[in-house]
Amino acid sequence: MTLADYATFSNYAVASATVVIALAWLAYMAEWGFARQVRTPVRERELVTAGGGGDVDAHEADAPPELRRDLAGRMGTSFSILGTLILVAGVVARGLAAERVPWGNMYEFSCAGVAVAMTVYLGLVKTQQVQWLGGIVTGFAVIVLGLSMTVYVPAGPLVPALHSYWLVIHVAAAMIAGSAFLVGAATSVLYLVKARAERLTPNEEDRVGPIWRLPSSVAMDRLAYRVHAFAFPIWTFGALIAGPIWAQYAWGRYWGWDPKEVWAFITWVVYAGYLHARATAGWKGKAAAILALVGFATFMFNYVGVNLFVPGLHSYSK
Amino acid sequence: MRTALFLLLLLAVAAIPGSLVPQRGVDAQALERYQIQHPTLAPILDNLGFFSVYSSPWFSSVYLLLMVSLVGCILPRTLVYYRALRARPPKAPRNLERLPESRRWETDADLDEVVAHARKVLGRGRARVDVVDTEVRAESGYLREAGNLVFHVCLVIVLVSVAAGGLLGYRGSAIVVDEGGGFSNDLTQYDEFSAGALFDTDRLPPFSLTLDDFRARFQLTGPQRGAPREFEALGRYTSRPGEPERPFDIQVNHPLNIDGTSVFIVGQGYAPVIKVTDGDGNVAFDGAVPFLPEDGTYTSTGVVKVPDAVPEQLGFQGFFLPTAISTGDDSAPISAFPGAANPNLGLFAYYGNLGLDEGDPQSVFILDKDDLTQMTDTDGAPFRINLSQGQVTDLPDGRGTVEFVGLRQFVKFQFSASPGLQVPLWATSIGVLGLILSLGIRPRRTWLRARREGTRTVVEVAGLDRVSRGDLGADIDEIVRELQDEHPVAANDGPDATSTDKSIDDQHEDARS
């Protein structure tokens, strides 16, 4: 294949991956919808006793939504795997087409970043059974992939400032940390929802509906912490070690308060705040989870806002 | 902790304005544009320090307070940690069943055997373990706090060393023209220069360099046409007078290091060689004049000052276009490509007094027109000079000629030295390792207590995580299973049999059924 063939293949692959991940999102949404139709065992028992001899009918009526729910969930994960594989192929082809690492501008960073985020998510599905994050992660992935089309640039070589192996290290670290931040933010959102539900519904028997299929808020809080504890050192390395080393070589100073640097620093400070908040009385739980979301918001602002609207040395979006 | 948390968040908020309004030290030109666009708002923001946020009193006070809080946190915690390291694992709570995870069973095994075995099992994984009477105390995860302290100490070192590097270092930039242009490291040769308060400018390292060739390559085809691809500056340098010359090859991302001073390419452009003869026919000026690029196609602006011209001094101001294309009969040509495919020089001419003798320092890029008169052609319109390379034109009224002799390039070099550059690097690197320890290691206390009741040994095991990690129950089960393998649960047929008398596997069997 010629370079142009690789580039064309990459474009088709990214577009297809977007569609497949959108299907994954729909499946996860359907799973949630079907789960609403499933009566929980508690309710079921009440109905059975109330209906006297009708217990056989009740069971038969209940079976289909349960099956559909589980089928939709499995489809969501299967589509996620398929979409991720296609996306990875597209990102690799993009790298072959441009003859360099495929994260030299905003479009490429979006595609490669989503590929990493989906891989992180699927890895956690395998090890931690976090399918319940699927809806948020795939929905987010579809939005980022869709919006990345607006900053599309054809595959090509890079400006001299990016001719450095630090591009590989610095940006890869940012992508891995960002992916973990995404998973952490998704977990924190669901944690807030679940913790509120647990507070409002203290009675075990009233806990009916798909939300009670989520893990306990304690387990979610623990997962969020572990994900952030994984991401924070990587972010420190990527943004505050690898970045300054490269800046020293490329621009002659390791820290210059460029807008990208400022926001990387703000993100770091907010996540440092999150880690402290988890160990501080009065900040544990809700306030800490909100801080994690603020941290992710600053990361996203750095990625979207600073790239597109704030002039600076990191203006590689086009 | 609460104070530190508050200061951290305050620091994040305080950093925001610096990314949204232009900063004096980051982009001075952007700041000038901003001040022209916002004539009323800009002075207010300036007074509040918004144009130099990171050296403003309010930003400084936040991070100084954070430093104080940091040091005030590190010192007592180091003391506490030192004591904890010397202390033995704490004794077991009176009632082990009250702990988050606890197990109890009875065995026929000998009390001492159980305790000896438990000491081995509980002491695994670098746990510190003590046996007092028939109580086994184990504690692990001491490195968490060590990592935590290392990280915070490193943070202080980074902040101090960054500040020190700024005080002891210097930074400046200078424009050097290729094909033999030179620079020697002397204050007078710099276009811009700033040094830390503790830097002695008489002690600039005495190196000098000559730029022989500058190569700029731009994308020729495709949608990214005109994008820069490669900049390379080739030349020679000596580290001090008398030393032999050595060649250099500076590229973006590949600076040259001379005795602790790094030399970077931070800008480049064109320097047309211009020859001016005055009204008497003498060559009054002949040299390369750097024109500063204004956009991606290197539409550049510049100024030529000819103080030696007679009868009156001459001045020129105008544009240089590396690849000029005409857009119509009346409009001025524009630059289509940053490479020099069709160089074109467009100038307006002035005569009179350049104002160089008044003593005030002048920028070489600005023409002081106070005492200058613009030359006009016969119908009174401003006289326009438009030259391709090699062309020459006569000035009106016999004031002389202007010739676009040739084209050279210039490089804007940045020279900077920041002593102890390695210190913040090492401190952050070690700090991250400490951070990984402090986030990854989870301290745990485990206790086992055994006592003799009649013919049997009653064993109680319990654990306490100081940081929730979710696997305490499973780990306690694992310990119990291992102990029970050697000291089986006593068969109990009595009427007071409870579930706690069963082996751990049986208990799980019960839970499943």
# chains A, B, ... in the order shown; residues from 1 in each chain; ligands from 1

call {"tool": "residues_around", "arguments": {"residues": "region 75-84 of chain A", "least_positions_apart": "4", "cutoff": "12 Å", "atoms": "only C-alpha atoms", "output": "PyMOL selection string"}}
result
chain A and resi 13-32+68-71+88-91+111-126+129-139+141-142+145

call {"tool": "residues_around", "arguments": {"residues": "Phe365 (chain B)", "least_positions_apart": "3", "cutoff": "9 Å", "atoms": "only C-alpha atoms", "output": "number ranges by chain"}}
result
B: 290-292, 301-304, 317, 362

call {"tool": "write_last_selection", "arguments": {"atoms": "C-alpha atoms", "output": "PDB file, in the first residue's frame"}}
result
ATOM      1  CA  PRO B 290      16.906  41.608   8.802  1.00  0.00           C
ATOM      2  CA  PHE B 291      13.185  41.904   8.042  1.00  0.00           C
ATOM      3  CA  LEU B 292      10.959  40.394  10.744  1.00  0.00           C
ATOM      4  CA  THR B 301       8.666  44.189   7.674  1.00  0.00           C
ATOM      5  CA  GLY B 302      11.869  46.112   8.124  1.00  0.00           C
ATOM      6  CA  VAL B 303      13.660  49.423   8.161  1.00  0.00           C
ATOM      7  CA  VAL B 304      16.846  50.694   6.505  1.00  0.00           C
ATOM      8  CA  GLN B 317      10.531  51.380   5.581  1.00  0.00           C
ATOM      9  CA  GLN B 362      16.450  53.512  19.015  1.00  0.00           C
TER      10      GLN B 362
END

call {"tool": "residues_around", "arguments": {"residues": "Thr2 (chain A)", "least_positions_apart": "3", "cutoff": "8 Å", "atoms": "only C-alpha atoms", "output": "list of chain:residue names"}}
result
A:Asp5, A:Tyr6, A:Ala97

call {"tool": "atom_distance", "arguments": {"atom1": "CA of Arg86 (chain B)", "atom2": "CA of Ala138 (chain B)"}}
result
14.3 Å

call {"tool": "interface_residues", "arguments": {"of": "chain B", "to": "chain A", "cutoff": "8 Å", "atoms": "only C-alpha atoms", "output": "mmCIF file with N, CA and C atoms, in the first residue's frame"}}
result
data_model
loop_
_atom_site.group_PDB
_atom_site.id
_atom_site.type_symbol
_atom_site.label_atom_id
_atom_site.label_comp_id
_atom_site.auth_asym_id
_atom_site.auth_seq_id
_atom_site.Cartn_x
_atom_site.Cartn_y
_atom_site.Cartn_z
ATOM 1 N N MET B 1 -4.144 19.940 57.058
ATOM 2 C CA MET B 1 -4.557 19.312 55.799
ATOM 3 C C MET B 1 -5.614 20.147 55.118
ATOM 4 N N ARG B 2 -6.549 20.646 55.918
ATOM 5 C CA ARG B 2 -7.623 21.428 55.334
ATOM 6 C C ARG B 2 -7.077 22.741 54.775
ATOM 7 N N LEU B 5 -5.235 21.993 51.550
ATOM 8 C CA LEU B 5 -6.210 21.720 50.497
ATOM 9 C C LEU B 5 -6.788 23.026 49.963
ATOM 10 N N LEU B 8 -4.149 24.836 47.923
ATOM 11 C CA LEU B 8 -3.961 24.177 46.624
ATOM 12 C C LEU B 8 -5.014 24.652 45.639
ATOM 13 N N LEU B 9 -6.280 24.637 46.076
ATOM 14 C CA LEU B 9 -7.365 25.031 45.183
ATOM 15 C C LEU B 9 -7.260 26.511 44.844
ATOM 16 N N LEU B 11 -4.507 28.156 44.611
ATOM 17 C CA LEU B 11 -3.412 28.274 43.650
ATOM 18 C C LEU B 11 -3.910 27.970 42.240
ATOM 19 N N ALA B 12 -4.743 26.934 42.117
ATOM 20 C CA ALA B 12 -5.295 26.577 40.805
ATOM 21 C C ALA B 12 -6.120 27.724 40.246
ATOM 22 N N VAL B 13 -6.948 28.317 41.088
ATOM 23 C CA VAL B 13 -7.797 29.424 40.629
ATOM 24 C C VAL B 13 -6.931 30.631 40.259
ATOM 25 N N ALA B 15 -4.006 30.681 39.128
ATOM 26 C CA ALA B 15 -3.202 30.479 37.917
ATOM 27 C C ALA B 15 -4.012 30.743 36.651
ATOM 28 N N ILE B 16 -5.339 30.685 36.748
ATOM 29 C CA ILE B 16 -6.186 30.760 35.549
ATOM 30 C C ILE B 16 -5.992 32.064 34.751
ATOM 31 N N GLY B 18 -3.675 34.004 34.135
ATOM 32 C CA GLY B 18 -2.457 34.078 33.341
ATOM 33 C C GLY B 18 -2.539 33.352 32.019
ATOM 34 N N SER B 19 -3.505 32.429 31.891
ATOM 35 C CA SER B 19 -3.649 31.727 30.620
ATOM 36 C C SER B 19 -4.652 32.435 29.719
ATOM 37 N N LEU B 20 -5.391 33.375 30.265
ATOM 38 C CA LEU B 20 -6.461 33.990 29.478
ATOM 39 C C LEU B 20 -6.108 35.392 28.982
ATOM 40 N N VAL B 26 5.757 36.258 28.603
ATOM 41 C CA VAL B 26 5.523 35.155 27.682
ATOM 42 C C VAL B 26 5.405 35.661 26.246
ATOM 43 N N PRO B 223 -1.866 19.899 1.215
ATOM 44 C CA PRO B 223 -2.637 20.857 2.021
ATOM 45 C C PRO B 223 -1.774 21.605 3.030
ATOM 46 N N GLN B 224 -0.648 21.004 3.449
ATOM 47 C CA GLN B 224 0.205 21.680 4.426
ATOM 48 C C GLN B 224 1.294 22.489 3.736
ATOM 49 N N ALA B 227 4.159 24.853 5.280
ATOM 50 C CA ALA B 227 4.471 24.573 6.685
ATOM 51 C C ALA B 227 5.966 24.314 6.828
ATOM 52 N N PRO B 228 6.582 24.824 7.896
ATOM 53 C CA PRO B 228 8.014 24.598 8.055
ATOM 54 C C PRO B 228 8.314 23.124 8.289
ATOM 55 N N ARG B 229 9.382 22.648 7.703
ATOM 56 C CA ARG B 229 9.772 21.244 7.859
ATOM 57 C C ARG B 229 11.093 21.099 8.575
ATOM 58 N N GLU B 230 12.038 21.985 8.322
ATOM 59 C CA GLU B 230 13.362 21.797 8.894
ATOM 60 C C GLU B 230 14.092 23.124 8.975
ATOM 61 N N PHE B 231 14.689 23.395 10.110
ATOM 62 C CA PHE B 231 15.570 24.551 10.248
ATOM 63 C C PHE B 231 16.909 24.039 10.771
ATOM 64 N N VAL B 252 16.215 22.853 15.639
ATOM 65 C CA VAL B 252 15.150 22.910 16.636
ATOM 66 C C VAL B 252 15.187 21.573 17.382
ATOM 67 N N ASN B 253 15.089 21.593 18.694
ATOM 68 C CA ASN B 253 15.198 20.413 19.548
ATOM 69 C C ASN B 253 16.633 19.925 19.728
ATOM 70 N N HIS B 254 17.609 20.551 19.033
ATOM 71 C CA HIS B 254 19.004 20.153 19.212
ATOM 72 C C HIS B 254 19.862 21.392 19.432
ATOM 73 N N PRO B 255 19.793 21.955 20.671
ATOM 74 C CA PRO B 255 20.566 23.162 20.949
ATOM 75 C C PRO B 255 22.058 22.853 21.050
ATOM 76 N N SER B 262 23.184 27.429 26.739
ATOM 77 C CA SER B 262 22.561 26.729 25.624
ATOM 78 C C SER B 262 22.169 27.736 24.555
ATOM 79 N N VAL B 263 22.386 27.339 23.303
ATOM 80 C CA VAL B 263 22.060 28.203 22.171
ATOM 81 C C VAL B 263 20.948 27.538 21.365
ATOM 82 N N PHE B 264 19.827 28.247 21.249
ATOM 83 C CA PHE B 264 18.658 27.683 20.575
ATOM 84 C C PHE B 264 18.280 28.536 19.377
ATOM 85 N N VAL B 266 15.277 30.266 17.918
ATOM 86 C CA VAL B 266 13.908 30.597 18.315
ATOM 87 C C VAL B 266 13.174 31.391 17.240
ATOM 88 N N GLN B 414 18.532 32.168 20.819
ATOM 89 C CA GLN B 414 18.383 32.458 22.239
ATOM 90 C C GLN B 414 19.561 31.853 22.986
ATOM 91 N N SER B 416 20.849 30.992 26.789
ATOM 92 C CA SER B 416 20.380 30.984 28.166
ATOM 93 C C SER B 416 21.205 30.032 29.013
ATOM 94 N N LEU B 425 14.968 18.597 37.964
ATOM 95 C CA LEU B 425 14.678 17.359 37.221
ATOM 96 C C LEU B 425 14.786 16.147 38.134
ATOM 97 N N THR B 428 11.998 16.214 40.835
ATOM 98 C CA THR B 428 10.672 15.750 40.397
ATOM 99 C C THR B 428 10.681 14.251 40.140
ATOM 100 N N SER B 429 11.789 13.750 39.571
ATOM 101 C CA SER B 429 11.821 12.311 39.271
ATOM 102 C C SER B 429 11.742 11.481 40.548
ATOM 103 N N VAL B 432 8.306 11.680 42.063
ATOM 104 C CA VAL B 432 7.283 10.806 41.463
ATOM 105 C C VAL B 432 7.409 9.391 42.022
ATOM 106 N N LEU B 435 5.851 9.440 45.221
ATOM 107 C CA LEU B 435 4.404 9.530 45.025
ATOM 108 C C LEU B 435 3.810 8.148 44.741
ATOM 109 N N ILE B 436 4.527 7.383 43.891
ATOM 110 C CA ILE B 436 4.020 6.049 43.547
ATOM 111 C C ILE B 436 3.959 5.185 44.802
ATOM 112 N N LEU B 439 1.041 6.334 46.998
ATOM 113 C CA LEU B 439 -0.296 6.007 46.485
ATOM 114 C C LEU B 439 -0.505 4.499 46.359
ATOM 115 N N GLY B 440 0.599 3.768 46.195
ATOM 116 C CA GLY B 440 0.467 2.341 45.909
ATOM 117 C C GLY B 440 0.485 1.459 47.141
ATOM 118 N N SER B 468 -8.584 2.198 53.007
ATOM 119 C CA SER B 468 -9.494 1.173 52.510
ATOM 120 C C SER B 468 -9.001 0.618 51.182
ATOM 121 N N ARG B 469 -8.936 -0.697 51.061
ATOM 122 C CA ARG B 469 -8.460 -1.278 49.814
ATOM 123 C C ARG B 469 -9.314 -2.435 49.353
ATOM 124 N N GLY B 470 -10.294 -2.830 50.124
ATOM 125 C CA GLY B 470 -11.295 -3.750 49.596
ATOM 126 C C GLY B 470 -10.952 -5.227 49.644
#
